[in-house]
file upload_37.pdb (PDB, C-alpha atoms and all ligand atoms)
MODEL        1
ATOM      1  CA  MET A   1     -15.137  15.143  -1.323  1.00  0.00           C
ATOM      2  CA  HIS A   2     -15.380  17.323  -4.433  1.00  0.00           C
ATOM      3  CA  LEU A   3     -12.265  17.662  -6.594  1.00  0.00           C
ATOM      4  CA  SER A   4     -13.936  20.228  -8.863  1.00  0.00           C
ATOM      5  CA  PRO A   5     -17.457  21.693  -9.111  1.00  0.00           C
ATOM      6  CA  HIS A   6     -18.982  18.649 -10.845  1.00  0.00           C
ATOM      7  CA  PHE A   7     -16.659  15.750  -9.971  1.00  0.00           C
ATOM      8  CA  THR A   8     -15.899  13.926  -6.725  1.00  0.00           C
ATOM      9  CA  LEU A   9     -13.070  11.784  -5.404  1.00  0.00           C
ATOM     10  CA  SER A  10     -15.450   8.827  -5.102  1.00  0.00           C
ATOM     11  CA  GLU A  11     -16.343   9.094  -8.812  1.00  0.00           C
ATOM     12  CA  MET A  12     -12.630   9.130  -9.668  1.00  0.00           C
ATOM     13  CA  THR A  13     -11.916   5.992  -7.610  1.00  0.00           C
ATOM     14  CA  LYS A  14     -15.096   4.001  -8.292  1.00  0.00           C
ATOM     15  CA  SER A  15     -14.611   0.724 -10.117  1.00  0.00           C
ATOM     16  CA  GLN A  16     -17.237  -1.929 -10.726  1.00  0.00           C
ATOM     17  CA  ILE A  17     -14.542  -4.583 -11.099  1.00  0.00           C
ATOM     18  CA  ALA A  18     -12.938  -3.559  -7.784  1.00  0.00           C
ATOM     19  CA  LEU A  19     -16.333  -3.704  -6.056  1.00  0.00           C
ATOM     20  CA  ARG A  20     -17.249  -7.060  -7.554  1.00  0.00           C
ATOM     21  CA  ARG A  21     -13.907  -8.645  -6.722  1.00  0.00           C
ATOM     22  CA  GLY A  22     -13.371  -6.967  -3.345  1.00  0.00           C
ATOM     23  CA  ILE A  23     -10.216  -5.147  -4.485  1.00  0.00           C
ATOM     24  CA  GLY A  24      -9.373  -2.000  -2.518  1.00  0.00           C
ATOM     25  CA  ASN A  25      -9.380   1.134  -4.675  1.00  0.00           C
ATOM     26  CA  SER A  26      -9.850   4.031  -2.249  1.00  0.00           C
ATOM     27  CA  LEU A  27      -7.534   6.933  -1.477  1.00  0.00           C
ATOM     28  CA  ASP A  28      -6.973   8.637   1.871  1.00  0.00           C
ATOM     29  CA  PRO A  29      -6.484  12.428   1.659  1.00  0.00           C
ATOM     30  CA  GLY A  30      -4.651  12.258   5.023  1.00  0.00           C
ATOM     31  CA  ASN A  31      -1.958   9.938   3.648  1.00  0.00           C
ATOM     32  CA  PRO A  32       0.832  11.940   1.898  1.00  0.00           C
ATOM     33  CA  ASP A  33       1.294   9.307  -0.844  1.00  0.00           C
ATOM     34  CA  ASP A  34      -2.419   9.289  -1.592  1.00  0.00           C
ATOM     35  CA  ALA A  35      -2.587  13.101  -1.406  1.00  0.00           C
ATOM     36  CA  GLU A  36      -0.240  13.330  -4.392  1.00  0.00           C
ATOM     37  CA  VAL A  37      -2.433  10.952  -6.411  1.00  0.00           C
ATOM     38  CA  ILE A  38      -5.499  12.971  -5.404  1.00  0.00           C
ATOM     39  CA  ASN A  39      -3.792  16.148  -6.635  1.00  0.00           C
ATOM     40  CA  ASN A  40      -3.250  14.452  -9.991  1.00  0.00           C
ATOM     41  CA  LEU A  41      -6.925  13.449 -10.129  1.00  0.00           C
ATOM     42  CA  ARG A  42      -7.939  17.008  -9.279  1.00  0.00           C
ATOM     43  CA  LEU A  43      -5.881  18.296 -12.212  1.00  0.00           C
ATOM     44  CA  LEU A  44      -7.771  15.906 -14.533  1.00  0.00           C
ATOM     45  CA  CYS A  45     -11.111  17.103 -13.148  1.00  0.00           C
ATOM     46  CA  LEU A  46     -10.252  20.785 -13.527  1.00  0.00           C
ATOM     47  CA  GLU A  47      -8.396  20.691 -16.850  1.00  0.00           C
ATOM     48  CA  VAL A  48     -10.181  17.859 -18.692  1.00  0.00           C
ATOM     49  CA  LEU A  49     -13.549  16.769 -17.253  1.00  0.00           C
ATOM     50  CA  GLU A  50     -14.924  20.210 -16.341  1.00  0.00           C
ATOM     51  CA  PRO A  51     -14.153  21.753 -19.762  1.00  0.00           C
ATOM     52  CA  VAL A  52     -15.772  18.714 -21.470  1.00  0.00           C
ATOM     53  CA  ARG A  53     -18.888  19.035 -19.292  1.00  0.00           C
ATOM     54  CA  GLU A  54     -19.053  22.755 -19.956  1.00  0.00           C
ATOM     55  CA  ALA A  55     -18.612  22.447 -23.722  1.00  0.00           C
ATOM     56  CA  PHE A  56     -21.106  19.608 -24.269  1.00  0.00           C
ATOM     57  CA  GLY A  57     -23.478  20.494 -21.409  1.00  0.00           C
ATOM     58  CA  ILE A  58     -23.977  16.825 -20.554  1.00  0.00           C
ATOM     59  CA  PRO A  59     -23.603  15.461 -16.997  1.00  0.00           C
ATOM     60  CA  PHE A  60     -21.462  12.322 -16.858  1.00  0.00           C
ATOM     61  CA  ALA A  61     -19.287  10.298 -14.503  1.00  0.00           C
ATOM     62  CA  PRO A  62     -15.908   8.987 -15.663  1.00  0.00           C
ATOM     63  CA  SER A  63     -15.823   5.219 -16.305  1.00  0.00           C
ATOM     64  CA  SER A  64     -12.319   4.775 -14.851  1.00  0.00           C
ATOM     65  CA  GLY A  65      -9.961   7.140 -13.051  1.00  0.00           C
ATOM     66  CA  TYR A  66      -7.621   5.947 -10.314  1.00  0.00           C
ATOM     67  CA  ARG A  67      -6.583   2.280 -10.285  1.00  0.00           C
ATOM     68  CA  SER A  68      -4.778   0.804  -7.290  1.00  0.00           C
ATOM     69  CA  PRO A  69      -1.853  -1.456  -8.272  1.00  0.00           C
ATOM     70  CA  ALA A  70      -4.002  -4.511  -7.369  1.00  0.00           C
ATOM     71  CA  LEU A  71      -6.915  -3.321  -9.523  1.00  0.00           C
ATOM     72  CA  ASN A  72      -4.573  -2.419 -12.367  1.00  0.00           C
ATOM     73  CA  THR A  73      -3.129  -5.944 -12.303  1.00  0.00           C
ATOM     74  CA  ALA A  74      -6.624  -7.465 -12.177  1.00  0.00           C
ATOM     75  CA  LEU A  75      -7.561  -5.442 -15.276  1.00  0.00           C
ATOM     76  CA  GLY A  76      -4.495  -6.695 -17.133  1.00  0.00           C
ATOM     77  CA  SER A  77      -3.092  -3.181 -17.591  1.00  0.00           C
ATOM     78  CA  LYS A  78       0.621  -2.477 -17.773  1.00  0.00           C
ATOM     79  CA  PRO A  79       2.236  -1.535 -14.404  1.00  0.00           C
ATOM     80  CA  THR A  80       3.226   1.777 -16.004  1.00  0.00           C
ATOM     81  CA  SER A  81      -0.432   2.718 -16.607  1.00  0.00           C
ATOM     82  CA  GLN A  82      -0.973   6.375 -15.754  1.00  0.00           C
ATOM     83  CA  HIS A  83      -4.241   5.373 -14.050  1.00  0.00           C
ATOM     84  CA  VAL A  84      -2.124   4.055 -11.110  1.00  0.00           C
ATOM     85  CA  LEU A  85      -0.696   7.552 -10.566  1.00  0.00           C
ATOM     86  CA  GLY A  86      -4.085   9.236 -10.888  1.00  0.00           C
ATOM     87  CA  GLN A  87      -2.894  10.830 -14.114  1.00  0.00           C
ATOM     88  CA  ALA A  88      -5.435   9.239 -16.469  1.00  0.00           C
ATOM     89  CA  VAL A  89      -9.188   9.079 -16.854  1.00  0.00           C
ATOM     90  CA  ASP A  90     -11.500   7.178 -19.223  1.00  0.00           C
ATOM     91  CA  PHE A  91     -14.885   8.594 -20.142  1.00  0.00           C
ATOM     92  CA  GLU A  92     -17.603   8.879 -22.751  1.00  0.00           C
ATOM     93  CA  LEU A  93     -20.654  11.084 -23.081  1.00  0.00           C
ATOM     94  CA  PRO A  94     -24.146   9.694 -23.734  1.00  0.00           C
ATOM     95  CA  GLY A  95     -25.138  10.375 -27.326  1.00  0.00           C
ATOM     96  CA  ILE A  96     -21.748  11.753 -28.429  1.00  0.00           C
ATOM     97  CA  PRO A  97     -19.624   9.661 -30.833  1.00  0.00           C
ATOM     98  CA  ASN A  98     -16.302   8.841 -29.142  1.00  0.00           C
ATOM     99  CA  LEU A  99     -14.279   9.913 -32.182  1.00  0.00           C
ATOM    100  CA  LYS A 100     -15.959  13.334 -32.073  1.00  0.00           C
ATOM    101  CA  LEU A 101     -15.277  13.584 -28.332  1.00  0.00           C
ATOM    102  CA  ALA A 102     -11.599  12.679 -28.802  1.00  0.00           C
ATOM    103  CA  GLN A 103     -11.264  15.224 -31.620  1.00  0.00           C
ATOM    104  CA  TRP A 104     -12.765  17.900 -29.396  1.00  0.00           C
ATOM    105  CA  VAL A 105     -10.241  17.106 -26.639  1.00  0.00           C
ATOM    106  CA  ARG A 106      -7.412  17.247 -29.186  1.00  0.00           C
ATOM    107  CA  ASP A 107      -8.536  20.632 -30.450  1.00  0.00           C
ATOM    108  CA  HIS A 108      -9.235  22.296 -27.086  1.00  0.00           C
ATOM    109  CA  LEU A 109      -7.363  20.759 -24.154  1.00  0.00           C
ATOM    110  CA  LYS A 110      -3.922  20.153 -22.706  1.00  0.00           C
ATOM    111  CA  TYR A 111      -2.982  16.457 -22.350  1.00  0.00           C
ATOM    112  CA  ASP A 112      -0.127  13.987 -22.205  1.00  0.00           C
ATOM    113  CA  GLN A 113      -1.731  11.100 -24.098  1.00  0.00           C
ATOM    114  CA  LEU A 114      -5.135  11.126 -25.783  1.00  0.00           C
ATOM    115  CA  ILE A 115      -6.228   7.623 -26.732  1.00  0.00           C
ATOM    116  CA  LEU A 116      -9.314   6.492 -28.604  1.00  0.00           C
ATOM    117  CA  GLU A 117      -9.663   3.024 -27.086  1.00  0.00           C
ATOM    118  CA  PHE A 118     -11.506   0.072 -28.616  1.00  0.00           C
ATOM    119  CA  HIS A 119     -13.372   2.259 -31.045  1.00  0.00           C
ATOM    120  CA  GLU A 120     -14.646   0.398 -34.103  1.00  0.00           C
ATOM    121  CA  PRO A 121     -15.187   2.362 -37.311  1.00  0.00           C
ATOM    122  CA  GLY A 122     -18.912   2.522 -38.122  1.00  0.00           C
ATOM    123  CA  GLU A 123     -19.894   2.125 -34.447  1.00  0.00           C
ATOM    124  CA  PRO A 124     -19.912   5.696 -33.046  1.00  0.00           C
ATOM    125  CA  ALA A 125     -20.665   4.618 -29.459  1.00  0.00           C
ATOM    126  CA  SER A 126     -18.008   1.911 -29.334  1.00  0.00           C
ATOM    127  CA  GLY A 127     -14.981   2.205 -27.067  1.00  0.00           C
ATOM    128  CA  TRP A 128     -14.121   5.194 -24.903  1.00  0.00           C
ATOM    129  CA  VAL A 129     -11.724   8.135 -24.640  1.00  0.00           C
ATOM    130  CA  HIS A 130      -8.621   7.961 -22.404  1.00  0.00           C
ATOM    131  CA  VAL A 131      -6.917  11.214 -21.444  1.00  0.00           C
ATOM    132  CA  SER A 132      -3.789  11.531 -19.333  1.00  0.00           C
ATOM    133  CA  LEU A 133      -2.360  14.758 -17.977  1.00  0.00           C
ATOM    134  CA  LYS A 134       0.710  15.631 -15.913  1.00  0.00           C
ATOM    135  CA  GLU A 135       1.612  18.881 -14.184  1.00  0.00           C
ATOM    136  CA  THR A 136       4.599  19.280 -16.544  1.00  0.00           C
ATOM    137  CA  GLY A 137       6.219  17.434 -19.421  1.00  0.00           C
ATOM    138  CA  ASN A 138       3.058  16.604 -21.350  1.00  0.00           C
ATOM    139  CA  ARG A 139       3.882  14.823 -24.623  1.00  0.00           C
ATOM    140  CA  ARG A 140       0.679  15.691 -26.469  1.00  0.00           C
ATOM    141  CA  ARG A 141       0.423  12.337 -28.190  1.00  0.00           C
ATOM    142  CA  GLU A 142      -2.683  10.919 -29.923  1.00  0.00           C
ATOM    143  CA  LEU A 143      -3.224   7.189 -30.394  1.00  0.00           C
ATOM    144  CA  THR A 144      -5.950   4.781 -31.431  1.00  0.00           C
ATOM    145  CA  ILE A 145      -5.897   1.356 -29.757  1.00  0.00           C
ATOM    146  CA  ASN A 146      -8.139  -1.540 -30.770  1.00  0.00           C
ATOM    147  CA  ARG A 147      -8.016  -5.296 -31.246  1.00  0.00           C
ATOM    148  CA  LYS A 148      -5.792  -4.847 -34.292  1.00  0.00           C
ATOM    149  CA  GLY A 149      -3.093  -2.886 -32.462  1.00  0.00           C
ATOM    150  CA  VAL A 150      -1.851   0.597 -31.610  1.00  0.00           C
ATOM    151  CA  PHE A 151      -1.991   3.307 -34.269  1.00  0.00           C
ATOM    152  CA  PRO A 152      -0.872   6.952 -34.319  1.00  0.00           C
ATOM    153  CA  GLY A 153      -3.622   9.548 -34.653  1.00  0.00           C
ATOM    154  CA  LEU A 154      -7.336   9.342 -33.888  1.00  0.00           C
ATOM    155  CA  GLY A 155      -9.624   6.872 -35.638  1.00  0.00           C
ATOM    156  CA  LYS A 156      -7.145   5.968 -38.359  1.00  0.00           C
ATOM    157  CA  ALA A 157      -6.928   2.275 -37.495  1.00  0.00           C
TER     158      ALA A 157
HETATM  159 ZN    ZN A 201      -7.517   4.629 -19.640  1.00  0.00          ZN
ENDMDL
END
call {"tool": "encode", "arguments": {"input": "upload_37.pdb", "output": "structure tokens", "more": "lines below"}}
Ligand SMILES: [Zn+2]
result
Amino acid sequence: MHLSPHFTLSEMTKSQIALRRGIGNSLDPGNPDDAEVINNLRLLCLEVLEPVREAFGIPFAPSSGYRSPALNTALGSKPTSQHVLGQAVDFELPGIPNLKLAQWVRDHLKYDQLILEFHEPGEPASGWVHVSLKETGNRRRELTINRKGVFPGLGKA
């Protein structure tokens, strides 16, 4: 099931950890609770992933979109993670430094939180970019998170 021209529901729910550990991480479009999560994922595809693909011209699949509560717990994420609601996606583009990618998102897209995660200065390919988006009430907040802590702004850790 496509959520946007280049991105599918299965890409937005795929998790290697869930597969390896046998943790359920699928969504059923016929279930009203899941349908709301799928709508949130569709918004991410249309407003974040498609514009990134268009601007950079590079095909990619997100590394993490939806996380079921069980998967989220297995990953050690906070219960409040926006991934559980289908409101967050992690991604990187082959050959593009993650700081540059995060800066492009900041300068061009709508988002709630934009986080440069586990990026190490001097290692352009390290880490990944996390973007969350809600239908309304977006805070437009940028953070850098790494082993040393949580810092405001992008790449200033
Ligand atoms: Zn994330």
call {"tool": "residues_near_ligand", "arguments": {"input": "upload_37.pdb", "ligand": "ligand ZN 201 (chain A)", "cutoff": "6 Å", "atoms": "all atoms listed in the file", "output": "ChimeraX atom specification"}}
result
/A:88-90,130
call {"tool": "resolve_selection", "arguments": {"input": "upload_37.pdb", "expression": "the PyMOL selection byres (((chain A and resi 38) around 9) and not hetatm)", "output": "PyMOL selection string"}}
result
chain A and resi 3+9+27-29+33-37+39-43+66+85-86
call {"tool": "resolve_selection", "arguments": {"input": "upload_37.pdb", "expression": "the PyMOL selection byres (((chain A and resi 117-125) around 8) and not hetatm)", "output": "VMD selection string"}}
result
chain A and resid 95 to 99 115 to 116 126 to 130 144 to 147 155
call {"tool": "write_last_selection", "arguments": {"input": "upload_37.pdb", "atoms": "C-alpha atoms", "output": "short mmCIF file (atom, residue, chain, number, x, y, z; two decimals), in the coordinates of the input"}}
result
data_model
loop_
_atom_site.label_atom_id
_atom_site.label_comp_id
_atom_site.auth_asym_id
_atom_site.auth_seq_id
_atom_site.Cartn_x
_atom_site.Cartn_y
_atom_site.Cartn_z
CA GLY A 95 -25.14 10.38 -27.33
CA ILE A 96 -21.75 11.75 -28.43
CA PRO A 97 -19.62 9.66 -30.83
CA ASN A 98 -16.30 8.84 -29.14
CA LEU A 99 -14.28 9.91 -32.18
CA ILE A 115 -6.23 7.62 -26.73
CA LEU A 116 -9.31 6.49 -28.60
CA SER A 126 -18.01 1.91 -29.33
CA GLY A 127 -14.98 2.20 -27.07
CA TRP A 128 -14.12 5.19 -24.90
CA VAL A 129 -11.72 8.14 -24.64
CA HIS A 130 -8.62 7.96 -22.40
CA THR A 144 -5.95 4.78 -31.43
CA ILE A 145 -5.90 1.36 -29.76
CA ASN A 146 -8.14 -1.54 -30.77
CA ARG A 147 -8.02 -5.30 -31.25
CA GLY A 155 -9.62 6.87 -35.64
#
call {"tool": "atom_distance", "arguments": {"input": "upload_37.pdb", "atom1": "CA of Trp104 (chain A)", "atom2": "CA of Ser132 (chain A)"}}
result
14.9 Å
call {"tool": "closest_residue", "arguments": {"input": "upload_37.pdb", "among": "A:His108, A:Leu71, A:Leu101, A:Phe60", "to": "Leu19 (chain A)", "atoms": "only C-alpha atoms"}}
result
A:Leu71
call {"tool": "atom_distance", "arguments": {"input": "upload_37.pdb", "atom1": "CA of Ser15 (chain A)", "atom2": "CA of Ser68 (chain A)"}}
result
10.2 Å
call {"tool": "closest_residue", "arguments": {"input": "upload_37.pdb", "among": "A:Gly149, A:Tyr111, A:Leu154, A:His83", "to": "Thr136 (chain A)", "atoms": "all atoms listed in the file"}}
result
A:Tyr111
call {"tool": "atom_distance", "arguments": {"input": "upload_37.pdb", "atom1": "CA of Ser63 (chain A)", "atom2": "CA of Phe91 (chain A)"}}
result
5.2 Å
call {"tool": "closest_residue", "arguments": {"input": "upload_37.pdb", "among": "A:Leu133, A:Val150, A:Ala18, A:Leu114", "to": "Ala74 (chain A)", "atoms": "all atoms listed in the file"}}
result
A:Ala18
call {"tool": "residues_around", "arguments": {"input": "upload_37.pdb", "residues": "Pro59 (chain A)", "least_positions_apart": "4", "cutoff": "10 Å", "atoms": "all atoms listed in the file", "output": "list of chain:residue names"}}
result
A:His6, A:Phe7, A:Glu50, A:Val52, A:Arg53, A:Glu54, A:Leu93, A:Pro94
call {"tool": "closest_residue", "arguments": {"input": "upload_37.pdb", "among": "A:Gly137, A:Gly22, A:Gly153, A:Pro32", "to": "Arg106 (chain A)", "atoms": "only C-alpha atoms"}}
result
A:Gly153
call {"tool": "residues_around", "arguments": {"input": "upload_37.pdb", "residues": "Leu75 (chain A)", "least_positions_apart": "6", "cutoff": "10 Å", "atoms": "all atoms listed in the file", "output": "JSON, numbers by chain"}}
result
{"A": [17, 18, 67, 69]}
call {"tool": "closest_residue", "arguments": {"input": "upload_37.pdb", "among": "A:Gln113, A:Thr80, A:Gln16, A:Thr73", "to": "Asn138 (chain A)", "atoms": "only C-alpha atoms"}}
result
A:Gln113
call {"tool": "closest_residue", "arguments": {"input": "upload_37.pdb", "among": "A:Ala70, A:Val84, A:Gly65, A:Ser26", "to": "Val131 (chain A)", "atoms": "all atoms listed in the file"}}
result
A:Gly65
